[in-house]
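File shown: data.cif. Contents: mmCIF, N, CA and C atoms.
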```cif
data_input
#
loop_
_atom_site.label_atom_id
_atom_site.label_comp_id
_atom_site.auth_asym_id
_atom_site.auth_seq_id
_atom_site.Cartn_x
_atom_site.Cartn_y
_atom_site.Cartn_z
N MET T 7 2.42 -3.75 -14.90
CA MET T 7 1.04 -4.07 -15.15
C MET T 7 0.16 -2.82 -15.11
N SER T 8 0.74 -1.68 -15.38
CA SER T 8 -0.08 -0.48 -15.34
C SER T 8 -0.99 -0.44 -16.56
N ARG T 9 -2.06 0.27 -16.44
CA ARG T 9 -3.02 0.39 -17.53
C ARG T 9 -3.64 1.77 -17.46
N ASN T 10 -4.25 2.15 -18.55
CA ASN T 10 -4.91 3.45 -18.57
C ASN T 10 -6.30 3.35 -17.97
N LEU T 11 -6.69 4.41 -17.28
CA LEU T 11 -8.04 4.47 -16.74
C LEU T 11 -8.97 5.06 -17.78
N ASP T 12 -10.18 4.54 -17.86
CA ASP T 12 -11.16 5.19 -18.70
C ASP T 12 -12.06 6.08 -17.84
N TYR T 13 -12.92 6.83 -18.48
CA TYR T 13 -13.77 7.80 -17.78
C TYR T 13 -14.63 7.13 -16.72
N ASP T 14 -15.19 5.96 -17.05
CA ASP T 14 -16.03 5.24 -16.08
C ASP T 14 -15.24 4.87 -14.82
N GLU T 15 -13.98 4.48 -15.00
CA GLU T 15 -13.14 4.13 -13.85
C GLU T 15 -12.82 5.36 -13.00
N VAL T 16 -12.62 6.50 -13.65
CA VAL T 16 -12.38 7.74 -12.90
C VAL T 16 -13.60 8.06 -12.05
N LEU T 17 -14.78 7.94 -12.64
CA LEU T 17 -16.01 8.22 -11.88
C LEU T 17 -16.20 7.21 -10.75
N ALA T 18 -15.85 5.95 -11.00
CA ALA T 18 -15.95 4.93 -9.95
C ALA T 18 -15.00 5.25 -8.81
N ARG T 19 -13.82 5.75 -9.14
CA ARG T 19 -12.86 6.11 -8.09
C ARG T 19 -13.33 7.31 -7.28
N ILE T 20 -14.05 8.21 -7.93
CA ILE T 20 -14.62 9.33 -7.17
C ILE T 20 -15.56 8.77 -6.11
N GLY T 21 -16.44 7.86 -6.51
CA GLY T 21 -17.36 7.24 -5.55
C GLY T 21 -16.62 6.48 -4.46
N TYR T 22 -15.58 5.74 -4.86
CA TYR T 22 -14.80 4.96 -3.88
C TYR T 22 -14.16 5.88 -2.84
N PHE T 23 -13.46 6.92 -3.29
CA PHE T 23 -12.77 7.79 -2.34
C PHE T 23 -13.75 8.67 -1.57
N ARG T 24 -14.87 9.01 -2.16
CA ARG T 24 -15.90 9.77 -1.44
C ARG T 24 -16.42 8.93 -0.28
N ASN T 25 -16.73 7.67 -0.56
CA ASN T 25 -17.21 6.77 0.49
C ASN T 25 -16.12 6.51 1.53
N ARG T 26 -14.90 6.37 1.08
CA ARG T 26 -13.78 6.13 1.99
C ARG T 26 -13.58 7.31 2.94
N ALA T 27 -13.87 8.52 2.43
CA ALA T 27 -13.79 9.73 3.26
C ALA T 27 -15.05 9.91 4.10
N ASN T 28 -15.98 8.97 3.97
CA ASN T 28 -17.24 9.00 4.71
C ASN T 28 -18.05 10.26 4.40
N LEU T 29 -18.10 10.60 3.10
CA LEU T 29 -18.84 11.77 2.66
C LEU T 29 -20.00 11.34 1.76
N SER T 30 -21.14 11.94 1.96
CA SER T 30 -22.25 11.71 1.04
C SER T 30 -22.02 12.55 -0.22
N ALA T 31 -22.71 12.20 -1.27
CA ALA T 31 -22.63 13.00 -2.50
C ALA T 31 -23.12 14.42 -2.23
N ARG T 32 -24.13 14.53 -1.41
CA ARG T 32 -24.69 15.84 -1.07
C ARG T 32 -23.67 16.71 -0.33
N GLU T 33 -23.03 16.13 0.71
CA GLU T 33 -22.02 16.86 1.47
C GLU T 33 -20.85 17.25 0.58
N THR T 34 -20.44 16.35 -0.29
CA THR T 34 -19.33 16.63 -1.21
C THR T 34 -19.71 17.77 -2.15
N SER T 35 -20.93 17.76 -2.64
CA SER T 35 -21.40 18.84 -3.50
C SER T 35 -21.35 20.18 -2.78
N HIS T 36 -21.78 20.20 -1.54
CA HIS T 36 -21.73 21.43 -0.74
C HIS T 36 -20.30 21.92 -0.56
N ARG T 37 -19.37 20.99 -0.33
CA ARG T 37 -17.97 21.37 -0.17
C ARG T 37 -17.38 21.94 -1.45
N LEU T 38 -17.98 21.56 -2.58
CA LEU T 38 -17.57 22.12 -3.87
C LEU T 38 -18.28 23.44 -4.17
N ASP T 39 -19.16 23.87 -3.26
CA ASP T 39 -19.99 25.06 -3.47
C ASP T 39 -20.88 24.91 -4.70
N LYS T 40 -21.46 23.72 -4.84
CA LYS T 40 -22.37 23.42 -5.95
C LYS T 40 -23.71 22.99 -5.38
N GLY T 41 -24.68 22.81 -6.26
CA GLY T 41 -25.98 22.32 -5.84
C GLY T 41 -25.87 20.93 -5.25
N GLU T 42 -26.82 20.55 -4.42
CA GLU T 42 -26.70 19.31 -3.65
C GLU T 42 -26.68 18.03 -4.50
N LEU T 43 -27.11 18.09 -5.76
CA LEU T 43 -27.09 16.90 -6.62
C LEU T 43 -25.90 16.87 -7.57
N TYR T 44 -25.00 17.84 -7.46
CA TYR T 44 -23.91 17.98 -8.42
C TYR T 44 -23.04 16.72 -8.51
N VAL T 45 -22.56 16.22 -7.39
CA VAL T 45 -21.68 15.05 -7.41
C VAL T 45 -22.45 13.81 -7.88
N THR T 46 -23.68 13.67 -7.47
CA THR T 46 -24.52 12.56 -7.96
C THR T 46 -24.63 12.61 -9.47
N ARG T 47 -24.82 13.81 -10.00
CA ARG T 47 -24.94 13.97 -11.45
C ARG T 47 -23.63 13.63 -12.16
N ILE T 48 -22.50 13.98 -11.55
CA ILE T 48 -21.20 13.60 -12.13
C ILE T 48 -21.07 12.09 -12.14
N GLU T 49 -21.33 11.46 -10.99
CA GLU T 49 -21.16 10.01 -10.87
C GLU T 49 -22.13 9.24 -11.77
N ASN T 50 -23.26 9.86 -12.14
CA ASN T 50 -24.24 9.22 -13.02
C ASN T 50 -24.15 9.68 -14.47
N HIS T 51 -23.02 10.29 -14.83
CA HIS T 51 -22.75 10.72 -16.21
C HIS T 51 -23.71 11.79 -16.72
N LYS T 52 -24.30 12.57 -15.84
CA LYS T 52 -25.22 13.63 -16.26
C LYS T 52 -24.48 14.95 -16.46
N VAL T 53 -23.35 15.11 -15.77
CA VAL T 53 -22.52 16.30 -15.87
C VAL T 53 -21.11 15.83 -16.17
N GLU T 54 -20.46 16.45 -17.15
CA GLU T 54 -19.09 16.06 -17.47
C GLU T 54 -18.13 16.62 -16.43
N LEU T 55 -17.25 15.78 -15.97
CA LEU T 55 -16.28 16.13 -14.95
C LEU T 55 -15.20 17.03 -15.54
N LYS T 56 -14.93 18.14 -14.89
CA LYS T 56 -13.85 19.04 -15.28
C LYS T 56 -12.60 18.68 -14.48
N VAL T 57 -11.45 18.92 -15.06
CA VAL T 57 -10.20 18.64 -14.37
C VAL T 57 -10.12 19.43 -13.07
N SER T 58 -10.54 20.69 -13.11
CA SER T 58 -10.49 21.51 -11.90
C SER T 58 -11.38 20.94 -10.80
N THR T 59 -12.53 20.39 -11.18
CA THR T 59 -13.42 19.76 -10.19
C THR T 59 -12.78 18.50 -9.64
N LEU T 60 -12.15 17.70 -10.51
CA LEU T 60 -11.48 16.50 -10.04
C LEU T 60 -10.39 16.85 -9.03
N LEU T 61 -9.61 17.87 -9.31
CA LEU T 61 -8.56 18.29 -8.38
C LEU T 61 -9.16 18.76 -7.06
N ASP T 62 -10.28 19.47 -7.11
CA ASP T 62 -10.96 19.88 -5.88
C ASP T 62 -11.44 18.66 -5.10
N LEU T 63 -11.98 17.66 -5.80
CA LEU T 63 -12.46 16.45 -5.14
C LEU T 63 -11.31 15.71 -4.47
N ILE T 64 -10.20 15.59 -5.16
CA ILE T 64 -9.03 14.92 -4.58
C ILE T 64 -8.64 15.61 -3.28
N ASP T 65 -8.67 16.92 -3.27
CA ASP T 65 -8.35 17.68 -2.06
C ASP T 65 -9.39 17.43 -0.96
N ILE T 66 -10.66 17.45 -1.32
CA ILE T 66 -11.73 17.22 -0.36
C ILE T 66 -11.61 15.82 0.26
N PHE T 67 -11.21 14.84 -0.53
CA PHE T 67 -11.08 13.47 -0.04
C PHE T 67 -9.84 13.27 0.82
N GLY T 68 -8.96 14.26 0.87
CA GLY T 68 -7.77 14.17 1.69
C GLY T 68 -6.71 13.23 1.13
N ILE T 69 -6.67 13.12 -0.18
CA ILE T 69 -5.69 12.27 -0.84
C ILE T 69 -4.89 13.13 -1.81
N ASN T 70 -3.98 12.50 -2.53
CA ASN T 70 -3.26 13.22 -3.58
C ASN T 70 -3.53 12.54 -4.92
N ALA T 71 -3.06 13.15 -5.98
CA ALA T 71 -3.32 12.62 -7.32
C ALA T 71 -2.73 11.22 -7.50
N THR T 72 -1.60 10.95 -6.88
CA THR T 72 -1.00 9.62 -6.96
C THR T 72 -1.94 8.58 -6.38
N ASP T 73 -2.54 8.90 -5.23
CA ASP T 73 -3.51 7.98 -4.63
C ASP T 73 -4.68 7.74 -5.58
N PHE T 74 -5.18 8.81 -6.15
CA PHE T 74 -6.37 8.70 -7.00
C PHE T 74 -6.09 7.88 -8.26
N PHE T 75 -4.95 8.13 -8.87
CA PHE T 75 -4.65 7.48 -10.15
C PHE T 75 -3.76 6.25 -10.01
N TYR T 76 -3.67 5.72 -8.79
CA TYR T 76 -2.87 4.53 -8.56
C TYR T 76 -3.21 3.47 -9.60
N PRO T 77 -2.19 2.90 -10.27
CA PRO T 77 -2.47 2.02 -11.42
C PRO T 77 -2.88 0.60 -11.09
N GLY T 78 -2.97 0.23 -9.84
CA GLY T 78 -3.33 -1.14 -9.49
C GLY T 78 -4.78 -1.46 -9.80
N GLU T 79 -5.11 -2.71 -9.69
CA GLU T 79 -6.49 -3.14 -9.92
C GLU T 79 -7.44 -2.51 -8.93
N SER T 80 -7.00 -2.37 -7.71
CA SER T 80 -7.80 -1.69 -6.71
C SER T 80 -6.84 -0.97 -5.78
N TYR T 81 -7.31 0.05 -5.15
CA TYR T 81 -6.47 0.84 -4.26
C TYR T 81 -6.02 0.00 -3.09
N SER T 82 -4.73 0.01 -2.82
CA SER T 82 -4.18 -0.80 -1.74
C SER T 82 -3.26 0.07 -0.89
N GLU T 83 -3.52 0.11 0.38
CA GLU T 83 -2.68 0.89 1.30
C GLU T 83 -1.27 0.29 1.37
N GLU T 84 -1.16 -1.03 1.29
CA GLU T 84 0.16 -1.66 1.31
C GLU T 84 0.97 -1.27 0.09
N ASP T 85 0.35 -1.29 -1.08
CA ASP T 85 1.05 -0.90 -2.31
C ASP T 85 1.49 0.56 -2.23
N LYS T 86 0.63 1.40 -1.71
CA LYS T 86 0.97 2.81 -1.58
C LYS T 86 2.17 2.98 -0.64
N ASN T 87 2.18 2.24 0.46
CA ASN T 87 3.30 2.32 1.39
C ASN T 87 4.61 1.91 0.73
N VAL T 88 4.57 0.85 -0.08
CA VAL T 88 5.77 0.41 -0.80
C VAL T 88 6.24 1.50 -1.75
N LEU T 89 5.32 2.10 -2.48
CA LEU T 89 5.70 3.17 -3.41
C LEU T 89 6.26 4.37 -2.67
N ASP T 90 5.67 4.71 -1.53
CA ASP T 90 6.18 5.83 -0.74
C ASP T 90 7.61 5.56 -0.26
N LEU T 91 7.84 4.36 0.23
CA LEU T 91 9.18 4.00 0.69
C LEU T 91 10.18 3.99 -0.47
N TYR T 92 9.75 3.47 -1.59
CA TYR T 92 10.62 3.40 -2.77
C TYR T 92 10.99 4.80 -3.27
N SER T 93 10.05 5.71 -3.22
CA SER T 93 10.26 7.05 -3.79
C SER T 93 11.37 7.83 -3.09
N VAL T 94 11.70 7.50 -1.86
CA VAL T 94 12.74 8.24 -1.13
C VAL T 94 14.12 7.57 -1.21
N LEU T 95 14.21 6.44 -1.89
CA LEU T 95 15.48 5.76 -2.03
C LEU T 95 16.39 6.48 -3.03
N SER T 96 17.68 6.28 -2.86
CA SER T 96 18.64 6.79 -3.86
C SER T 96 18.48 5.98 -5.14
N ASP T 97 18.97 6.50 -6.25
CA ASP T 97 18.88 5.78 -7.52
C ASP T 97 19.55 4.42 -7.43
N GLU T 98 20.69 4.37 -6.75
CA GLU T 98 21.41 3.11 -6.58
C GLU T 98 20.58 2.09 -5.80
N ASN T 99 19.96 2.53 -4.72
CA ASN T 99 19.12 1.62 -3.93
C ASN T 99 17.86 1.21 -4.68
N LYS T 100 17.32 2.09 -5.51
CA LYS T 100 16.16 1.72 -6.33
C LYS T 100 16.53 0.57 -7.27
N LYS T 101 17.72 0.65 -7.86
CA LYS T 101 18.18 -0.43 -8.75
C LYS T 101 18.30 -1.74 -7.98
N LEU T 102 18.83 -1.68 -6.76
CA LEU T 102 18.96 -2.87 -5.95
C LEU T 102 17.60 -3.49 -5.62
N VAL T 103 16.65 -2.64 -5.27
CA VAL T 103 15.30 -3.13 -4.95
C VAL T 103 14.66 -3.78 -6.17
N ILE T 104 14.82 -3.16 -7.32
CA ILE T 104 14.25 -3.73 -8.55
C ILE T 104 14.87 -5.09 -8.85
N GLU T 105 16.18 -5.19 -8.72
CA GLU T 105 16.85 -6.48 -8.97
C GLU T 105 16.37 -7.54 -7.98
N MET T 106 16.23 -7.17 -6.73
CA MET T 106 15.76 -8.11 -5.73
C MET T 106 14.34 -8.57 -6.04
N MET T 107 13.48 -7.64 -6.45
CA MET T 107 12.10 -8.00 -6.77
C MET T 107 12.03 -8.93 -7.97
N LYS T 108 12.89 -8.71 -8.95
CA LYS T 108 12.92 -9.59 -10.12
C LYS T 108 13.28 -11.02 -9.70
N LYS T 109 14.18 -11.15 -8.74
CA LYS T 109 14.59 -12.48 -8.27
C LYS T 109 13.48 -13.17 -7.48
N LEU T 110 12.62 -12.37 -6.86
CA LEU T 110 11.53 -12.93 -6.04
C LEU T 110 10.33 -13.37 -6.86
N LYS T 111 10.23 -12.99 -8.11
CA LYS T 111 9.07 -13.34 -8.94
C LYS T 111 8.91 -14.81 -9.11
#
```
Let's see the structure in the file written out as structure tokens.
Amino acid sequence: MSRNLDYDEVLARIGYFRNRANLSARETSHRLDKGELYVTRIENHKVELKVSTLLDLIDIFGINATDFFYPGESYSEEDKNVLDLYSVLSDENKKLVIEMMKKLK
């Protein structure tokens, strides 16, 4: 059920993770070494987001790109935990997990 994110969703996720990190737009702008309205202007479509800025924001929020671009409808810590556990399985065990999940549907 994965889907592509559009620009508006990327900006919404910036706001979500900024708030989750308990950071104001002003504080986040300062951490980027930008003017105090910079992040507000990004979130309000006044400044186009650069990839380098997005990567800096991801770092400031204390997450990784996988967290930011998680394909679910909304960010879920449980889903992330399942993906983290799955990622360390052997290929054989991944196949077993997939087969088991298909049976549970």
| task | Report the residues retrieved by the PyMOL selection byres ((chain T and resi 44-50) around 8) from the displayed file, expressed as a list in words. | result |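 Checking the PyMOL selection byres ((chain T and resi 44-50) around 8) against this file, the residues are Val16, Leu17, Ala18, Ile20, Gly21, Ser30, Ala31, Arg32, Thr34, Ser35, His36, Lys40, Gly41, Glu42, Leu43, His51, Lys52, Val53, Glu54 and Leu55 of chain T.
When the PyMOL selection byres ((chain T and resi 74) around 8) is evaluated on the file shown here, the picked residues come out as T:Val16, T:Arg19, T:Ile20, T:Phe23, T:Ile64, T:Ile69, T:Asn70, T:Ala71, T:Thr72, T:Asp73, T:Phe75, T:Tyr76, T:Pro77.
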| task | as an NGL selection string, please: all residues of chain T that backbone DSSP puts in helix (DSSP H, G or I). | result | :T and (13-26 or 31-37 or 44-49 or 57-66 or 71-74 or 83-93 or 97-110)
| said: Please report the interatomic distance between atom CA of T:Arg37 and atom CA of T:Phe67 in Å with one decimal. | reply: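 Computing the Euclidean distance for atom CA of T:Arg37 and atom CA of T:Phe67 yields 10.5 Å.
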Please put the answer as AutoDock Vina command-line options: centre and edge lengths, in Å with one decimal, of a box along x, y and z that encloses all listed atoms of stretch 70-75 of chain T plus 6 Å on each side.
```
--center_x -3.7 --center_y 9.7 --center_z -6.3 --size_x 17.4 --size_y 19.0 --size_z 19.6
```
| query | Counting only C-alpha atoms, which of T:Leu63, T:Asp14, T:Asp97, T:Arg26 gets nearest to T:Leu38? | reply |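 Counting only C-alpha atoms, the residue closest to T:Leu38 is T:Leu63.
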| request: One decimal, Å: what's the distance from atom CA of T:Lys109 over to atom CA of T:Leu89, could you say? | output: 18.6 Å
| said: For a test of reading the model, state the distance in Å between atom C of T:Lys56 and atom N of T:Tyr13, rounded to one decimal. | reply: 12.5 Å
